[in-house]
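Chemist: Before anything else, here's the structure in question.
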Amino acid sequence: MKTPIVLALFLSITAALAREAPPQTLGEQMARDNPTMIAYLQKLTDADIGRKLKGVRLSDDTVELKGSTYLGSFTNTAKKQHIYTFRSDGAEVSYVWIDKGGTALVIPADPKDKSGENAAILSGDIYTFPEVGAADGVVILYGGTLKWLNMQKVGGKK
């Protein structure tokens, strides 16, 4: 009878050790969360358009995009730009990243925001640069509406 108890204890300890420790710095957090988010986004297909998402758990134990509706995506292979657009809490937002060697993407204005703080990184920290570059990871654009996404598909500037 001791064998099942010892085995259960062993499995419990092994599972606890297998869990990664929480990130200690913003850099560590982004090093974990950016690849996780990119992998999640790349699994979305046209069949998911219009569906509410379960979201993806990040290293700080938050679930990004939970309850959001997937509206569509666009990858500009020539410029190595990736754009995924969602409706979340009644607003449209885009999650964007640029592959290494790709062309920076100008951040669109958010018509509902006058502060100029219309982008963030996955940690929720404000992203203050005017464009998303290749080394920036996933950036959330609050002005990244479905209309803006469609303009990117046809080569529009806005």
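FYI, nothing fancy with the structure tokens labels: chains A, B, ... in order, residues from 1 per chain, ligands from 1 as they appear.
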With a distance cut-off of 10 Å and only C-alpha atoms, select the neighbouring residues of Leu65 (chain A), excluding the residue or stretch itself and same-chain residues fewer than 6 positions from it, and output the selection as a ChimeraX atom specification.
Modeler: /A:37,52-57,86-88
Chemist: For the contact check between region 45-81 of chain A and region 98-119 of chain A, emit one row per residue of region 45-81 of chain A within 9 Å, containing the shortest atom pair and the distance in Å rounded to one decimal, counting only C-alpha atoms, chain then rising number order, as a Markdown table.
Modeler:
```
| residue | atom | partner | partner_atom | distance |
| --- | --- | --- | --- | --- |
| A:Thr77 | CA | A:Gly102 | CA | 8.9 |
| A:Ala78 | CA | A:Gly102 | CA | 8.0 |
| A:Lys79 | CA | A:Thr103 | CA | 5.0 |
| A:Lys80 | CA | A:Gly102 | CA | 4.7 |
| A:Gln81 | CA | A:Ile98 | CA | 4.6 |
```
Chemist: Within 9 Å of Asn150 (chain A), counting only C-alpha atoms, which residues qualify if same-chain residues fewer than 5 places away don't, as a ChimeraX atom specification?
Modeler: /A:73-74,145,155-156
Chemist: Just to be explicit: take each residue in the selection above, keep C-alpha atoms, and write the result as a short mmCIF file (atom, residue, chain, number, x, y, z; two decimals), in the first residue's frame.
Modeler:
```cif
data_model
loop_
_atom_site.label_atom_id
_atom_site.label_comp_id
_atom_site.auth_asym_id
_atom_site.auth_seq_id
_atom_site.Cartn_x
_atom_site.Cartn_y
_atom_site.Cartn_z
CA SER A 73 -5.17 38.33 -39.98
CA PHE A 74 -2.66 39.32 -42.61
CA THR A 145 -9.02 48.02 -36.36
CA GLY A 155 -1.09 48.19 -49.38
CA GLY A 156 -2.76 51.22 -47.80
#
```
Chemist: Using DSSP on the backbone coordinates, identify all residues within chain A classified as alpha helix (DSSP H); present the result as a PDB file with N, CA and C atoms, in the first residue's frame.
Modeler:
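Below is the file out.pdb, written as the result:
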```pdb
ATOM      1  N   LYS A   2       2.088   1.162   0.453  1.00  0.00           N
ATOM      2  CA  LYS A   2       2.937   2.346   0.501  1.00  0.00           C
ATOM      3  C   LYS A   2       3.350   2.793  -0.896  1.00  0.00           C
ATOM      4  N   THR A   3       3.397   1.871  -1.853  1.00  0.00           N
ATOM      5  CA  THR A   3       3.846   2.197  -3.195  1.00  0.00           C
ATOM      6  C   THR A   3       2.970   3.263  -3.854  1.00  0.00           C
ATOM      7  N   PRO A   4       1.650   3.177  -3.818  1.00  0.00           N
ATOM      8  CA  PRO A   4       0.836   4.237  -4.447  1.00  0.00           C
ATOM      9  C   PRO A   4       1.041   5.601  -3.771  1.00  0.00           C
ATOM     10  N   ILE A   5       1.209   5.635  -2.473  1.00  0.00           N
ATOM     11  CA  ILE A   5       1.416   6.903  -1.770  1.00  0.00           C
ATOM     12  C   ILE A   5       2.755   7.503  -2.153  1.00  0.00           C
ATOM     13  N   VAL A   6       3.788   6.675  -2.189  1.00  0.00           N
ATOM     14  CA  VAL A   6       5.124   7.146  -2.572  1.00  0.00           C
ATOM     15  C   VAL A   6       5.114   7.624  -4.015  1.00  0.00           C
ATOM     16  N   LEU A   7       4.454   6.893  -4.884  1.00  0.00           N
ATOM     17  CA  LEU A   7       4.359   7.277  -6.295  1.00  0.00           C
ATOM     18  C   LEU A   7       3.612   8.594  -6.451  1.00  0.00           C
ATOM     19  N   ALA A   8       2.515   8.755  -5.742  1.00  0.00           N
ATOM     20  CA  ALA A   8       1.745  10.004  -5.808  1.00  0.00           C
ATOM     21  C   ALA A   8       2.579  11.175  -5.310  1.00  0.00           C
ATOM     22  N   LEU A   9       3.315  10.965  -4.231  1.00  0.00           N
ATOM     23  CA  LEU A   9       4.176  12.024  -3.695  1.00  0.00           C
ATOM     24  C   LEU A   9       5.272  12.377  -4.683  1.00  0.00           C
ATOM     25  N   PHE A  10       5.881  11.355  -5.284  1.00  0.00           N
ATOM     26  CA  PHE A  10       6.924  11.570  -6.279  1.00  0.00           C
ATOM     27  C   PHE A  10       6.393  12.362  -7.473  1.00  0.00           C
ATOM     28  N   LEU A  11       5.232  11.979  -7.986  1.00  0.00           N
ATOM     29  CA  LEU A  11       4.643  12.677  -9.130  1.00  0.00           C
ATOM     30  C   LEU A  11       4.290  14.117  -8.787  1.00  0.00           C
ATOM     31  N   SER A  12       3.817  14.340  -7.579  1.00  0.00           N
ATOM     32  CA  SER A  12       3.475  15.695  -7.142  1.00  0.00           C
ATOM     33  C   SER A  12       4.713  16.575  -7.072  1.00  0.00           C
ATOM     34  N   ILE A  13       5.782  16.060  -6.515  1.00  0.00           N
ATOM     35  CA  ILE A  13       7.038  16.820  -6.410  1.00  0.00           C
ATOM     36  C   ILE A  13       7.613  17.071  -7.800  1.00  0.00           C
ATOM     37  N   THR A  14       7.578  16.071  -8.660  1.00  0.00           N
ATOM     38  CA  THR A  14       8.091  16.215 -10.018  1.00  0.00           C
ATOM     39  C   THR A  14       7.317  17.294 -10.780  1.00  0.00           C
ATOM     40  N   ALA A  15       6.015  17.295 -10.640  1.00  0.00           N
ATOM     41  CA  ALA A  15       5.191  18.302 -11.325  1.00  0.00           C
ATOM     42  C   ALA A  15       5.511  19.697 -10.810  1.00  0.00           C
ATOM     43  N   ALA A  16       5.694  19.840  -9.516  1.00  0.00           N
ATOM     44  CA  ALA A  16       6.016  21.147  -8.944  1.00  0.00           C
ATOM     45  C   ALA A  16       7.369  21.644  -9.435  1.00  0.00           C
ATOM     46  N   LEU A  17       8.344  20.751  -9.531  1.00  0.00           N
ATOM     47  CA  LEU A  17       9.672  21.139 -10.009  1.00  0.00           C
ATOM     48  C   LEU A  17       9.665  21.456 -11.494  1.00  0.00           C
ATOM     49  N   ALA A  18       8.784  20.799 -12.247  1.00  0.00           N
ATOM     50  CA  ALA A  18       8.724  21.004 -13.694  1.00  0.00           C
ATOM     51  C   ALA A  18       8.170  22.369 -14.062  1.00  0.00           C
ATOM     52  N   LEU A  26      11.292  42.039 -16.724  1.00  0.00           N
ATOM     53  CA  LEU A  26      10.443  42.236 -17.900  1.00  0.00           C
ATOM     54  C   LEU A  26      11.049  41.512 -19.103  1.00  0.00           C
ATOM     55  N   GLY A  27      12.373  41.547 -19.225  1.00  0.00           N
ATOM     56  CA  GLY A  27      13.040  40.855 -20.322  1.00  0.00           C
ATOM     57  C   GLY A  27      12.771  39.358 -20.305  1.00  0.00           C
ATOM     58  N   GLU A  28      12.844  38.744 -19.106  1.00  0.00           N
ATOM     59  CA  GLU A  28      12.550  37.318 -18.979  1.00  0.00           C
ATOM     60  C   GLU A  28      11.089  37.043 -19.337  1.00  0.00           C
ATOM     61  N   GLN A  29      10.196  37.912 -18.876  1.00  0.00           N
ATOM     62  CA  GLN A  29       8.775  37.734 -19.159  1.00  0.00           C
ATOM     63  C   GLN A  29       8.524  37.785 -20.662  1.00  0.00           C
ATOM     64  N   MET A  30       9.090  38.764 -21.348  1.00  0.00           N
ATOM     65  CA  MET A  30       8.864  38.892 -22.783  1.00  0.00           C
ATOM     66  C   MET A  30       9.533  37.756 -23.551  1.00  0.00           C
ATOM     67  N   ALA A  31      10.684  37.267 -23.059  1.00  0.00           N
ATOM     68  CA  ALA A  31      11.361  36.145 -23.717  1.00  0.00           C
ATOM     69  C   ALA A  31      10.494  34.892 -23.682  1.00  0.00           C
ATOM     70  N   ARG A  32       9.675  34.744 -22.662  1.00  0.00           N
ATOM     71  CA  ARG A  32       8.758  33.604 -22.582  1.00  0.00           C
ATOM     72  C   ARG A  32       7.450  33.879 -23.321  1.00  0.00           C
ATOM     73  N   ASP A  33       6.891  35.072 -23.096  1.00  0.00           N
ATOM     74  CA  ASP A  33       5.539  35.351 -23.583  1.00  0.00           C
ATOM     75  C   ASP A  33       5.453  35.605 -25.085  1.00  0.00           C
ATOM     76  N   ASN A  34       6.455  36.258 -25.670  1.00  0.00           N
ATOM     77  CA  ASN A  34       6.380  36.525 -27.107  1.00  0.00           C
ATOM     78  C   ASN A  34       6.297  35.239 -27.931  1.00  0.00           C
ATOM     79  N   PRO A  35       7.172  34.254 -27.720  1.00  0.00           N
ATOM     80  CA  PRO A  35       7.038  33.015 -28.503  1.00  0.00           C
ATOM     81  C   PRO A  35       5.726  32.274 -28.225  1.00  0.00           C
ATOM     82  N   THR A  36       5.256  32.324 -26.984  1.00  0.00           N
ATOM     83  CA  THR A  36       3.996  31.676 -26.628  1.00  0.00           C
ATOM     84  C   THR A  36       2.843  32.314 -27.387  1.00  0.00           C
ATOM     85  N   MET A  37       2.805  33.655 -27.400  1.00  0.00           N
ATOM     86  CA  MET A  37       1.733  34.374 -28.080  1.00  0.00           C
ATOM     87  C   MET A  37       1.804  34.163 -29.588  1.00  0.00           C
ATOM     88  N   ILE A  38       3.000  34.224 -30.153  1.00  0.00           N
ATOM     89  CA  ILE A  38       3.151  34.037 -31.597  1.00  0.00           C
ATOM     90  C   ILE A  38       2.673  32.644 -32.001  1.00  0.00           C
ATOM     91  N   ALA A  39       3.054  31.627 -31.246  1.00  0.00           N
ATOM     92  CA  ALA A  39       2.617  30.259 -31.555  1.00  0.00           C
ATOM     93  C   ALA A  39       1.096  30.153 -31.482  1.00  0.00           C
ATOM     94  N   TYR A  40       0.493  30.792 -30.484  1.00  0.00           N
ATOM     95  CA  TYR A  40      -0.971  30.770 -30.350  1.00  0.00           C
ATOM     96  C   TYR A  40      -1.628  31.448 -31.544  1.00  0.00           C
ATOM     97  N   LEU A  41      -1.143  32.628 -31.902  1.00  0.00           N
ATOM     98  CA  LEU A  41      -1.739  33.366 -33.014  1.00  0.00           C
ATOM     99  C   LEU A  41      -1.600  32.599 -34.326  1.00  0.00           C
ATOM    100  N   GLN A  42      -0.454  32.001 -34.549  1.00  0.00           N
ATOM    101  CA  GLN A  42      -0.231  31.297 -35.813  1.00  0.00           C
ATOM    102  C   GLN A  42      -1.094  30.043 -35.959  1.00  0.00           C
ATOM    103  N   LEU A 146     -10.219  46.466 -37.769  1.00  0.00           N
ATOM    104  CA  LEU A 146     -10.403  45.611 -38.937  1.00  0.00           C
ATOM    105  C   LEU A 146     -10.258  46.430 -40.221  1.00  0.00           C
ATOM    106  N   LYS A 147     -10.748  47.647 -40.210  1.00  0.00           N
ATOM    107  CA  LYS A 147     -10.592  48.531 -41.381  1.00  0.00           C
ATOM    108  C   LYS A 147      -9.111  48.760 -41.667  1.00  0.00           C
ATOM    109  N   TRP A 148      -8.324  49.026 -40.632  1.00  0.00           N
ATOM    110  CA  TRP A 148      -6.877  49.220 -40.785  1.00  0.00           C
ATOM    111  C   TRP A 148      -6.223  47.941 -41.312  1.00  0.00           C
ATOM    112  N   LEU A 149      -6.611  46.779 -40.753  1.00  0.00           N
ATOM    113  CA  LEU A 149      -6.079  45.505 -41.216  1.00  0.00           C
ATOM    114  C   LEU A 149      -6.330  45.340 -42.712  1.00  0.00           C
ATOM    115  N   ASN A 150      -7.544  45.604 -43.149  1.00  0.00           N
ATOM    116  CA  ASN A 150      -7.887  45.457 -44.558  1.00  0.00           C
ATOM    117  C   ASN A 150      -7.098  46.420 -45.443  1.00  0.00           C
ATOM    118  N   MET A 151      -6.793  47.600 -44.921  1.00  0.00           N
ATOM    119  CA  MET A 151      -5.972  48.547 -45.671  1.00  0.00           C
ATOM    120  C   MET A 151      -4.544  48.020 -45.834  1.00  0.00           C
ATOM    121  N   GLN A 152      -4.047  47.315 -44.831  1.00  0.00           N
ATOM    122  CA  GLN A 152      -2.711  46.734 -44.925  1.00  0.00           C
ATOM    123  C   GLN A 152      -2.669  45.650 -46.013  1.00  0.00           C
ATOM    124  N   LYS A 153      -3.771  44.941 -46.157  1.00  0.00           N
ATOM    125  CA  LYS A 153      -3.853  43.887 -47.158  1.00  0.00           C
ATOM    126  C   LYS A 153      -3.746  44.432 -48.576  1.00  0.00           C
TER     127      LYS A 153
END
```
Chemist: Could you state the separation of CA of Gly90 (chain A) and CA of Leu141 (chain A) in Å, given to one decimal place?
Modeler: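 Distance between the two atoms: 14.7 Å.
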Chemist: Give the strand (DSSP E) residues of region 1-157 of chain A, as assigned by DSSP on the backbone, as a ChimeraX atom specification.
Modeler: /A:56-57,63-64,69-76,81-88,91-98,105-106,119-121,131-132,139-141
Chemist: Write the selection just made, keeping C-alpha atoms, as a PDB file, in the first residue's frame?
Modeler:
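Wrote it out as selection-v3.pdb, contents follow:
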```pdb
ATOM      1  CA  VAL A  56      -3.476  31.853 -24.079  1.00  0.00           C
ATOM      2  CA  ARG A  57      -1.894  31.722 -20.608  1.00  0.00           C
ATOM      3  CA  VAL A  63      -4.917  34.694 -20.024  1.00  0.00           C
ATOM      4  CA  GLU A  64      -4.457  36.985 -23.014  1.00  0.00           C
ATOM      5  CA  THR A  69     -13.464  37.477 -31.049  1.00  0.00           C
ATOM      6  CA  TYR A  70     -11.025  36.738 -33.856  1.00  0.00           C
ATOM      7  CA  LEU A  71     -11.661  39.045 -36.830  1.00  0.00           C
ATOM      8  CA  GLY A  72      -8.858  38.080 -39.213  1.00  0.00           C
ATOM      9  CA  SER A  73      -5.170  38.329 -39.980  1.00  0.00           C
ATOM     10  CA  PHE A  74      -2.664  39.322 -42.607  1.00  0.00           C
ATOM     11  CA  THR A  75       0.966  38.393 -43.108  1.00  0.00           C
ATOM     12  CA  ASN A  76       2.974  40.535 -45.479  1.00  0.00           C
ATOM     13  CA  GLN A  81       4.929  41.701 -40.901  1.00  0.00           C
ATOM     14  CA  HIS A  82       2.244  39.753 -39.020  1.00  0.00           C
ATOM     15  CA  ILE A  83      -1.090  41.316 -38.007  1.00  0.00           C
ATOM     16  CA  TYR A  84      -3.920  39.575 -36.117  1.00  0.00           C
ATOM     17  CA  THR A  85      -7.072  41.554 -35.314  1.00  0.00           C
ATOM     18  CA  PHE A  86      -9.664  40.939 -32.573  1.00  0.00           C
ATOM     19  CA  ARG A  87     -12.706  42.503 -30.973  1.00  0.00           C
ATOM     20  CA  SER A  88     -12.217  42.691 -27.228  1.00  0.00           C
ATOM     21  CA  ALA A  91     -13.029  47.606 -29.200  1.00  0.00           C
ATOM     22  CA  GLU A  92     -10.953  46.323 -32.085  1.00  0.00           C
ATOM     23  CA  VAL A  93      -7.228  45.739 -31.512  1.00  0.00           C
ATOM     24  CA  SER A  94      -4.402  44.174 -33.488  1.00  0.00           C
ATOM     25  CA  TYR A  95      -1.506  42.070 -32.257  1.00  0.00           C
ATOM     26  CA  VAL A  96       1.534  42.678 -34.445  1.00  0.00           C
ATOM     27  CA  TRP A  97       5.104  41.465 -34.721  1.00  0.00           C
ATOM     28  CA  ILE A  98       7.850  41.822 -37.299  1.00  0.00           C
ATOM     29  CA  LEU A 105       5.219  49.008 -39.342  1.00  0.00           C
ATOM     30  CA  VAL A 106       3.881  52.464 -38.452  1.00  0.00           C
ATOM     31  CA  ALA A 119       0.057  50.580 -28.098  1.00  0.00           C
ATOM     32  CA  ALA A 120       1.334  48.174 -25.460  1.00  0.00           C
ATOM     33  CA  ILE A 121       3.478  45.072 -25.080  1.00  0.00           C
ATOM     34  CA  GLU A 131       6.427  51.999 -35.230  1.00  0.00           C
ATOM     35  CA  VAL A 132       6.817  48.297 -34.491  1.00  0.00           C
ATOM     36  CA  VAL A 139       2.854  44.773 -29.791  1.00  0.00           C
ATOM     37  CA  ILE A 140      -0.842  45.401 -29.192  1.00  0.00           C
ATOM     38  CA  LEU A 141      -2.192  48.238 -31.360  1.00  0.00           C
TER      39      LEU A 141
END
```
